[in-house]
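Undergrad: The structure is given below, and queries will be raised subsequently.
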Amino acid sequence: MTENSKVLALKYRPQVFEDLIGQQVIAETIKNSIIIDKSPNAFLFTGIRGVGKTTFARIVAKALNCENGVKNLCKKNFCEHCNSIINSNHIDILEMDAASKTGVDDVRELIEFSRYGPTTAKYKIFIIDEVHMLSKQAFNALLKTLEEPPKYLKFIFATTEIKKIPVTVISRCQRFDLSRVKSQELFNYIKMIKNKEDGKASDEALKLIVKISEGSVRDALSLLNRGLVANLNDEELSLEKAQKIYGYFDKSSLIELIKKLLNGDEKKVFELYRKIYDSGVDPKIFLNDFLEVLYYLKNINFIKLDGNNFSLNDQDFSNLSTISENLDSKDIILFWQFTLDTIEEINIVSNPNLSVEMFLFRLMRIKGFKEKDVEKTSIGKKPDKLIKDPKTKTTNQTIDQIKNISQQEKIEPNLNKDEVINELKIGSFESLINLCIEKKEAKLKYELETNINLVSFSEGLIEISLNENLDKDFIKNLSNKLYEWTSKRWIISLSKNQGQISKKEKNKIDEKKIFDDIKKSEAYKKVIEAFPDAELINVELKED
C-alpha cells in the first residue's frame, strides 16, 4: 500500500509524542519518566474510541527501544526498531488483540514468552488492545507477572471500558485517561490535514465534522476523508453538501420547527419535518437532536458561546434564548419524557417516520400544567401562542398552553356560571393509596406500598427514588390513571435523593415495634410465666 493510498487516519498517524493532539500533559509525563529511567512496569490507556490509545502504546514502545533515544525519537528516517514497530513485525514487541484472544491459555503463552529476554531490543513489550475483553481467569493468570515483571519486560494496555477491568489489575498499572480532543484543537488539526491534501472544504463544513466526531480524532479524519473524496470535481465541500453526505441537518431548522410547534402551527411543523426527513436524516437522529435542543432550552442561561463550542452558532443561540423566555420548565420535562418514549417506540415500529410524525402531533396537543388553562379553554377555542413577541411586556397572567383534545375537560360551550366542574383532589400519598383501593387498581396499590420510596408529594407532582424492583410501566400507568381521576397532568419524577422507606417496610417496622412493646408488658410476662411454651403470633389493636 502506497502512502497516498492510505486513509487519512493511517497516513497521518502520529509517530512521536509531539504529534499527539489534546494529550500533551500525558505525553510529557510519559516522556519524562522514560528520560529519567523511571517508567512503570505497566501502562494502562483508557478513553473513547479514536483519541490515540493504540497510537500512544506504539509511540511508548518506540521511545523505550529507539536507537536514537527518546529525546531524538525517529519521526521520518526510522531506525530498525521504530520501522519494525510501525509495521507490527518487531520480534520483541508483541501486539495482541484481546477481543480475539480472551482465554487463559492465550495469557499463559504470553507469560511463557516473557521468560526469555529481548532478542534485539532493549525491552520486550506486550501491547494488549481492548484488554477488558480478557476473561476473569486470564486476568488472574496475569496478576503475578504484572506486579513483578523482569526488568526487560513492559506491559501496555488499551481499553475503552475501564470499568470491566478488575481493580487488582488497575492497581498494578499506571493509568492514563485520554480525554476527548477539544473542538477548536480538533478543528485546527483537520484544517491542517485538509490543506496538506490540497482539499477544498469550508470552515462551516469542518466545524460540522468536529461536532459529529465528538472529540474523536479518528472519526474526524474518517469523516474528512469521505467529504474530500465526494468533491473530486474541484468543488468546495460546503456545509449543505456535508450535511447530506453525513446524514446531518442544520440545527436552525430544528429550532424553527420547535418554535412553530409551540405556536401550534401544525401545517408548518410537518412541512419542516418532512423537509428534514427527505434530506436523508434518520428519525432516531432527529429525536436525539430534539433532545439536545430541549437541553439547550433548559440551560440556555448557563451556556457560553466560545471557540471550543461548535454546537450552536450566534443565531441559534439568540433564537433559543427568545423561545426559552416564556417556556415553562415543566413543559420541557414533559417534552423530554415524550421524546424518550418515542425513541423506544421506533425500535418496534416498522416505519419509524410515522412514529415521529405522531410524536410531533401529540406534542402540539399536550395539556399544560396550569390549573387556569382548564377554566379558560373550551373545545372550540384555539390555544394562544406559547411564545410571545420578546418586545411585549410579560404579565403575571397565565399563558394558555398547547392542549391535547383527548385530555381536555368535556365542557359544553354554553356552560352556565353556576355549574361547577368536580375535580378529584389527592392531597397526600396515603390518599393516593386509598384511591387505588377504591378504584380496584391492585397492581398500582402493590407498587405504591412495596416499591415506592417517596421523596416528596404535592398536588400535581410526585418525586420518588429510583428502585430497581419498580415495574417498568409503573410511571406511565400511574400518570394515565392520575389524569383519568383528577383531569390534570401529573409529573412523576425519579430523584437521586434517598426517599422514605416503602409503606410495606414501614408497616413491618411498626409491627415489630408493637410486638416488642407487647413483650415488655406485664400481661405478656404473666402469660409466659403461666405458659412457658406460648408464642406470640399476632397482635390485634382495638380502636380505643
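Here, A, B, ... name the chains of the C-alpha cells in the order displayed, residue numbers run from 1 inside each chain, and ligands are numbered from 1 in the same displayed order.
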I want to know what sits within 6 Å of region 220-227 of chain A, based on only C-alpha atoms, with residues of the same chain fewer than 4 positions away left out; could you give that as a ChimeraX atom specification?

TA: /A:8-9,209,213

Undergrad: Residues as selected, N, CA and C atoms, written as an mmCIF file, in the first residue's frame, can you do that?

TA:
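Output file selection-v1.cif is given in full below:
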data_model
loop_
_atom_site.group_PDB
_atom_site.id
_atom_site.type_symbol
_atom_site.label_atom_id
_atom_site.label_comp_id
_atom_site.auth_asym_id
_atom_site.auth_seq_id
_atom_site.Cartn_x
_atom_site.Cartn_y
_atom_site.Cartn_z
ATOM 1 N N LEU A 8 -6.764 8.719 5.638
ATOM 2 C CA LEU A 8 -6.118 9.818 6.362
ATOM 3 C C LEU A 8 -5.746 9.445 7.798
ATOM 4 N N ALA A 9 -6.585 8.625 8.452
ATOM 5 C CA ALA A 9 -6.322 8.247 9.843
ATOM 6 C C ALA A 9 -5.020 7.466 9.974
ATOM 7 N N ILE A 209 -17.961 18.510 10.933
ATOM 8 C CA ILE A 209 -17.198 17.275 11.125
ATOM 9 C C ILE A 209 -16.750 17.151 12.575
ATOM 10 N N SER A 213 -17.923 14.174 15.200
ATOM 11 C CA SER A 213 -16.871 13.269 15.695
ATOM 12 C C SER A 213 -16.816 13.200 17.218
#

Undergrad: Per residue of region 243-341 of chain A within 9 Å of region 489-496 of chain A, what are the shortest atom pair and its distance in Å to one decimal, counting only C-alpha atoms, with rows by chain and residue number, as JSON lines?

TA:
{"residue": "A:Lys330", "atom": "CA", "partner": "A:Ile491", "partner_atom": "CA", "distance": 8.2}
{"residue": "A:Ile333", "atom": "CA", "partner": "A:Ile491", "partner_atom": "CA", "distance": 8.6}
{"residue": "A:Leu334", "atom": "CA", "partner": "A:Ile491", "partner_atom": "CA", "distance": 7.9}

Undergrad: Identify, with DSSP run on backbone atoms, the residues in region 446-540 of chain A assigned to helix (DSSP H, G or I), and express the list as a PDB file with N, CA and C atoms, in the first residue's frame.

TA:
ATOM      1  N   TYR A 446     -50.085  -2.219  44.927  1.00  0.00           N
ATOM      2  CA  TYR A 446     -48.946  -3.046  45.340  1.00  0.00           C
ATOM      3  C   TYR A 446     -47.622  -2.306  45.129  1.00  0.00           C
ATOM      4  N   GLU A 447     -47.458  -1.686  43.944  1.00  0.00           N
ATOM      5  CA  GLU A 447     -46.218  -0.955  43.652  1.00  0.00           C
ATOM      6  C   GLU A 447     -46.037   0.228  44.598  1.00  0.00           C
ATOM      7  N   LEU A 448     -47.128   0.963  44.875  1.00  0.00           N
ATOM      8  CA  LEU A 448     -47.051   2.128  45.760  1.00  0.00           C
ATOM      9  C   LEU A 448     -46.643   1.730  47.171  1.00  0.00           C
ATOM     10  N   GLU A 449     -47.141   0.591  47.636  1.00  0.00           N
ATOM     11  CA  GLU A 449     -46.857   0.162  49.013  1.00  0.00           C
ATOM     12  C   GLU A 449     -45.522  -0.561  49.139  1.00  0.00           C
ATOM     13  N   THR A 450     -45.103  -1.240  48.069  1.00  0.00           N
ATOM     14  CA  THR A 450     -43.936  -2.124  48.172  1.00  0.00           C
ATOM     15  C   THR A 450     -42.650  -1.518  47.620  1.00  0.00           C
ATOM     16  N   PHE A 474     -44.739   1.318  35.465  1.00  0.00           N
ATOM     17  CA  PHE A 474     -45.456   1.905  36.604  1.00  0.00           C
ATOM     18  C   PHE A 474     -45.727   3.395  36.414  1.00  0.00           C
ATOM     19  N   ILE A 475     -44.666   4.161  36.048  1.00  0.00           N
ATOM     20  CA  ILE A 475     -44.808   5.614  35.933  1.00  0.00           C
ATOM     21  C   ILE A 475     -45.841   5.974  34.865  1.00  0.00           C
ATOM     22  N   LYS A 476     -45.785   5.274  33.734  1.00  0.00           N
ATOM     23  CA  LYS A 476     -46.733   5.552  32.654  1.00  0.00           C
ATOM     24  C   LYS A 476     -48.165   5.227  33.094  1.00  0.00           C
ATOM     25  N   ASN A 477     -48.345   4.062  33.736  1.00  0.00           N
ATOM     26  CA  ASN A 477     -49.680   3.642  34.176  1.00  0.00           C
ATOM     27  C   ASN A 477     -50.255   4.573  35.238  1.00  0.00           C
ATOM     28  N   LEU A 478     -49.393   4.936  36.218  1.00  0.00           N
ATOM     29  CA  LEU A 478     -49.867   5.821  37.282  1.00  0.00           C
ATOM     30  C   LEU A 478     -50.220   7.196  36.730  1.00  0.00           C
ATOM     31  N   SER A 479     -49.379   7.688  35.812  1.00  0.00           N
ATOM     32  CA  SER A 479     -49.626   9.003  35.205  1.00  0.00           C
ATOM     33  C   SER A 479     -50.968   9.018  34.474  1.00  0.00           C
ATOM     34  N   ASN A 480     -51.253   7.945  33.724  1.00  0.00           N
ATOM     35  CA  ASN A 480     -52.523   7.861  32.993  1.00  0.00           C
ATOM     36  C   ASN A 480     -53.717   7.820  33.944  1.00  0.00           C
ATOM     37  N   LYS A 481     -53.578   7.034  35.019  1.00  0.00           N
ATOM     38  CA  LYS A 481     -54.676   6.920  35.983  1.00  0.00           C
ATOM     39  C   LYS A 481     -54.915   8.241  36.722  1.00  0.00           C
ATOM     40  N   LEU A 482     -53.833   8.926  37.091  1.00  0.00           N
ATOM     41  CA  LEU A 482     -53.973  10.207  37.787  1.00  0.00           C
ATOM     42  C   LEU A 482     -54.672  11.229  36.901  1.00  0.00           C
ATOM     43  N   TYR A 483     -54.334  11.212  35.620  1.00  0.00           N
ATOM     44  CA  TYR A 483     -55.015  12.138  34.701  1.00  0.00           C
ATOM     45  C   TYR A 483     -56.490  11.780  34.570  1.00  0.00           C
ATOM     46  N   GLU A 484     -56.760  10.462  34.520  1.00  0.00           N
ATOM     47  CA  GLU A 484     -58.143   9.993  34.399  1.00  0.00           C
ATOM     48  C   GLU A 484     -58.964  10.384  35.630  1.00  0.00           C
ATOM     49  N   TRP A 485     -58.328  10.303  36.817  1.00  0.00           N
ATOM     50  CA  TRP A 485     -59.047  10.570  38.061  1.00  0.00           C
ATOM     51  C   TRP A 485     -59.162  12.056  38.384  1.00  0.00           C
ATOM     52  N   THR A 486     -58.121  12.833  38.059  1.00  0.00           N
ATOM     53  CA  THR A 486     -58.078  14.232  38.504  1.00  0.00           C
ATOM     54  C   THR A 486     -58.243  15.237  37.377  1.00  0.00           C
ATOM     55  N   LYS A 503     -43.994   1.822  52.208  1.00  0.00           N
ATOM     56  CA  LYS A 503     -45.070   1.634  53.184  1.00  0.00           C
ATOM     57  C   LYS A 503     -45.022   0.223  53.763  1.00  0.00           C
ATOM     58  N   LYS A 504     -44.687  -0.750  52.932  1.00  0.00           N
ATOM     59  CA  LYS A 504     -44.610  -2.127  53.401  1.00  0.00           C
ATOM     60  C   LYS A 504     -43.515  -2.285  54.455  1.00  0.00           C
ATOM     61  N   GLU A 505     -42.334  -1.669  54.175  1.00  0.00           N
ATOM     62  CA  GLU A 505     -41.234  -1.734  55.141  1.00  0.00           C
ATOM     63  C   GLU A 505     -41.600  -1.009  56.434  1.00  0.00           C
ATOM     64  N   LYS A 506     -42.301   0.132  56.282  1.00  0.00           N
ATOM     65  CA  LYS A 506     -42.724   0.896  57.456  1.00  0.00           C
ATOM     66  C   LYS A 506     -43.693   0.082  58.313  1.00  0.00           C
ATOM     67  N   ASN A 507     -44.625  -0.636  57.644  1.00  0.00           N
ATOM     68  CA  ASN A 507     -45.575  -1.466  58.378  1.00  0.00           C
ATOM     69  C   ASN A 507     -44.870  -2.582  59.136  1.00  0.00           C
ATOM     70  N   LYS A 508     -43.814  -3.144  58.500  1.00  0.00           N
ATOM     71  CA  LYS A 508     -43.047  -4.199  59.162  1.00  0.00           C
ATOM     72  C   LYS A 508     -42.367  -3.661  60.412  1.00  0.00           C
ATOM     73  N   ILE A 509     -41.799  -2.443  60.285  1.00  0.00           N
ATOM     74  CA  ILE A 509     -41.120  -1.826  61.433  1.00  0.00           C
ATOM     75  C   ILE A 509     -42.129  -1.529  62.549  1.00  0.00           C
ATOM     76  N   ASP A 510     -43.303  -0.989  62.134  1.00  0.00           N
ATOM     77  CA  ASP A 510     -44.343  -0.684  63.126  1.00  0.00           C
ATOM     78  C   ASP A 510     -44.824  -1.958  63.815  1.00  0.00           C
ATOM     79  N   GLU A 511     -44.979  -3.017  63.015  1.00  0.00           N
ATOM     80  CA  GLU A 511     -45.439  -4.289  63.572  1.00  0.00           C
ATOM     81  C   GLU A 511     -44.424  -4.844  64.564  1.00  0.00           C
ATOM     82  N   LYS A 512     -43.132  -4.736  64.194  1.00  0.00           N
ATOM     83  CA  LYS A 512     -42.079  -5.226  65.093  1.00  0.00           C
ATOM     84  C   LYS A 512     -42.064  -4.426  66.393  1.00  0.00           C
ATOM     85  N   LYS A 513     -42.279  -3.111  66.274  1.00  0.00           N
ATOM     86  CA  LYS A 513     -42.294  -2.258  67.467  1.00  0.00           C
ATOM     87  C   LYS A 513     -43.451  -2.647  68.397  1.00  0.00           C
ATOM     88  N   ILE A 514     -44.621  -2.933  67.774  1.00  0.00           N
ATOM     89  CA  ILE A 514     -45.786  -3.340  68.574  1.00  0.00           C
ATOM     90  C   ILE A 514     -45.492  -4.649  69.296  1.00  0.00           C
ATOM     91  N   PHE A 515     -44.888  -5.603  68.561  1.00  0.00           N
ATOM     92  CA  PHE A 515     -44.538  -6.889  69.169  1.00  0.00           C
ATOM     93  C   PHE A 515     -43.572  -6.682  70.335  1.00  0.00           C
ATOM     94  N   ASP A 516     -42.550  -5.816  70.105  1.00  0.00           N
ATOM     95  CA  ASP A 516     -41.558  -5.566  71.162  1.00  0.00           C
ATOM     96  C   ASP A 516     -42.207  -4.920  72.383  1.00  0.00           C
ATOM     97  N   ASP A 517     -43.121  -3.967  72.124  1.00  0.00           N
ATOM     98  CA  ASP A 517     -43.818  -3.303  73.243  1.00  0.00           C
ATOM     99  C   ASP A 517     -44.680  -4.282  74.025  1.00  0.00           C
ATOM    100  N   ILE A 518     -45.374  -5.180  73.278  1.00  0.00           N
ATOM    101  CA  ILE A 518     -46.230  -6.175  73.930  1.00  0.00           C
ATOM    102  C   ILE A 518     -45.395  -7.102  74.803  1.00  0.00           C
ATOM    103  N   LYS A 519     -44.211  -7.503  74.268  1.00  0.00           N
ATOM    104  CA  LYS A 519     -43.358  -8.432  75.016  1.00  0.00           C
ATOM    105  C   LYS A 519     -42.788  -7.806  76.289  1.00  0.00           C
ATOM    106  N   LYS A 520     -42.751  -6.477  76.327  1.00  0.00           N
ATOM    107  CA  LYS A 520     -42.264  -5.787  77.526  1.00  0.00           C
ATOM    108  C   LYS A 520     -43.375  -5.566  78.549  1.00  0.00           C
ATOM    109  N   GLU A 522     -46.537  -6.208  81.204  1.00  0.00           N
ATOM    110  CA  GLU A 522     -46.739  -7.093  82.347  1.00  0.00           C
ATOM    111  C   GLU A 522     -47.660  -8.253  81.974  1.00  0.00           C
ATOM    112  N   ALA A 523     -48.694  -7.980  81.195  1.00  0.00           N
ATOM    113  CA  ALA A 523     -49.643  -9.023  80.800  1.00  0.00           C
ATOM    114  C   ALA A 523     -48.937 -10.155  80.065  1.00  0.00           C
ATOM    115  N   TYR A 524     -48.015  -9.783  79.134  1.00  0.00           N
ATOM    116  CA  TYR A 524     -47.290 -10.800  78.375  1.00  0.00           C
ATOM    117  C   TYR A 524     -46.404 -11.638  79.300  1.00  0.00           C
ATOM    118  N   LYS A 525     -45.725 -10.954  80.213  1.00  0.00           N
ATOM    119  CA  LYS A 525     -44.832 -11.668  81.139  1.00  0.00           C
ATOM    120  C   LYS A 525     -45.599 -12.682  81.976  1.00  0.00           C
ATOM    121  N   LYS A 526     -46.822 -12.297  82.404  1.00  0.00           N
ATOM    122  CA  LYS A 526     -47.642 -13.207  83.219  1.00  0.00           C
ATOM    123  C   LYS A 526     -48.075 -14.419  82.404  1.00  0.00           C
ATOM    124  N   VAL A 527     -48.412 -14.185  81.134  1.00  0.00           N
ATOM    125  CA  VAL A 527     -48.809 -15.297  80.267  1.00  0.00           C
ATOM    126  C   VAL A 527     -47.658 -16.278  80.080  1.00  0.00           C
ATOM    127  N   ILE A 528     -46.454 -15.749  79.830  1.00  0.00           N
ATOM    128  CA  ILE A 528     -45.276 -16.600  79.622  1.00  0.00           C
ATOM    129  C   ILE A 528     -44.934 -17.386  80.880  1.00  0.00           C
ATOM    130  N   GLU A 529     -45.108 -16.732  82.045  1.00  0.00           N
ATOM    131  CA  GLU A 529     -44.858 -17.451  83.303  1.00  0.00           C
ATOM    132  C   GLU A 529     -45.822 -18.624  83.467  1.00  0.00           C
ATOM    133  N   ALA A 530     -47.083 -18.386  83.075  1.00  0.00           N
ATOM    134  CA  ALA A 530     -48.084 -19.442  83.210  1.00  0.00           C
ATOM    135  C   ALA A 530     -47.939 -20.501  82.115  1.00  0.00           C
TER     136      ALA A 530
END

Undergrad: Just list as a list of chain:residue names whatever in region 427-512 of chain A DSSP marks as strand (DSSP E or B).

TA: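 Put together, the selection reads A:Leu454, A:Val455, A:Ser456, A:Phe457, A:Ser458, A:Leu461, A:Ile462, A:Glu463, A:Ile464, A:Ser465, A:Ile491, A:Ile492, A:Ser493, A:Leu494, A:Ser495.
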
Undergrad: With N, CA and C atoms kept, could you save the residues just selected as a compact mmCIF listing (two decimals), in the first residue's frame?

TA:
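Dumped everything to part-v7.txt:
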# COMPACT_ATOMS: atom_id res chain seq x y z
N LEU A 454 -40.79 7.34 48.68
CA LEU A 454 -41.27 8.69 48.40
C LEU A 454 -40.27 9.76 48.86
N VAL A 455 -39.96 10.70 47.96
CA VAL A 455 -39.10 11.85 48.30
C VAL A 455 -39.98 13.05 48.66
N SER A 456 -40.98 13.34 47.80
CA SER A 456 -41.90 14.44 48.11
C SER A 456 -43.21 14.20 47.37
N PHE A 457 -44.28 14.77 47.92
CA PHE A 457 -45.61 14.62 47.32
C PHE A 457 -46.34 15.94 47.44
N SER A 458 -46.83 16.44 46.30
CA SER A 458 -47.65 17.64 46.29
C SER A 458 -48.64 17.53 45.13
N LEU A 461 -47.42 16.76 41.50
CA LEU A 461 -46.00 16.38 41.43
C LEU A 461 -45.68 15.32 42.47
N ILE A 462 -45.14 14.18 41.99
CA ILE A 462 -44.68 13.12 42.88
C ILE A 462 -43.22 12.85 42.55
N GLU A 463 -42.37 12.92 43.57
CA GLU A 463 -40.94 12.67 43.38
C GLU A 463 -40.57 11.42 44.16
N ILE A 464 -39.96 10.43 43.47
CA ILE A 464 -39.63 9.17 44.11
C ILE A 464 -38.18 8.81 43.83
N SER A 465 -37.61 7.97 44.69
CA SER A 465 -36.24 7.48 44.48
C SER A 465 -36.27 6.33 43.50
N ILE A 491 -46.75 15.20 37.18
CA ILE A 491 -45.34 14.88 36.89
C ILE A 491 -44.89 13.85 37.93
N ILE A 492 -44.35 12.74 37.43
CA ILE A 492 -43.77 11.73 38.33
C ILE A 492 -42.30 11.63 37.96
N SER A 493 -41.45 12.12 38.85
CA SER A 493 -40.01 12.20 38.52
C SER A 493 -39.19 11.30 39.42
N LEU A 494 -38.10 10.77 38.83
CA LEU A 494 -37.15 9.96 39.59
C LEU A 494 -36.06 10.86 40.14
N SER A 495 -35.73 10.68 41.41
CA SER A 495 -34.77 11.56 42.08
C SER A 495 -33.57 10.76 42.55

Undergrad: Just how far from CA of Leu206 (chain A) is CA of Ser321 (chain A), in Å to one decimal?

TA: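 CA of Leu206 (chain A) lies 25.9 Å from CA of Ser321 (chain A).
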
Undergrad: For Ile452 (chain A), which residue out of A:Phe338, A:Lys196, A:Gln500, A:Lys11 is the nearest one, using only C-alpha atoms?

TA: A:Gln500

Undergrad: Take CA of Ser88 (chain A) and CA of Asp129 (chain A) and report the distance between them in Å, one decimal.

TA: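 These two atoms are separated by 13.3 Å.
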
Undergrad: Could you check how far CA of Lys260 (chain A) sits from CA of Tyr296 (chain A), in Å to one decimal?

TA: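 CA of Tyr296 (chain A) lies at a distance of 17.1 Å from CA of Lys260 (chain A).
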
Undergrad: Skipping near chain neighbours, those fewer than 3 positions away, what residues fall within 10 Å of Gly427 (chain A) using only C-alpha atoms, listed as a PyMOL selection string?

TA: chain A and resi 424+430-432+457-460

Undergrad: For each of A:Val181, A:Leu363, A:Val229, A:Lys194, take the minimum atom-to-atom distance to Leu262 (chain A), counting only C-alpha atoms, then give the residue where this is smallest.

TA: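 Comparing A:Val181, A:Leu363, A:Val229, A:Lys194 against Leu262 (chain A), the winner is A:Leu363.
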
Undergrad: I'd like to know which of A:Ala442, A:Lys75, A:Ala205, A:Ile48 is closest to Asp19 (chain A), using only C-alpha atoms.

TA: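 When distances to Asp19 (chain A) are compared using only C-alpha atoms, the smallest one comes from A:Lys75.
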
Undergrad: Which of these residues is nearest to Phe56 (chain A), using only C-alpha atoms: A:Ile165, A:Val131, A:Leu178, A:Ile501?

TA: A:Leu178
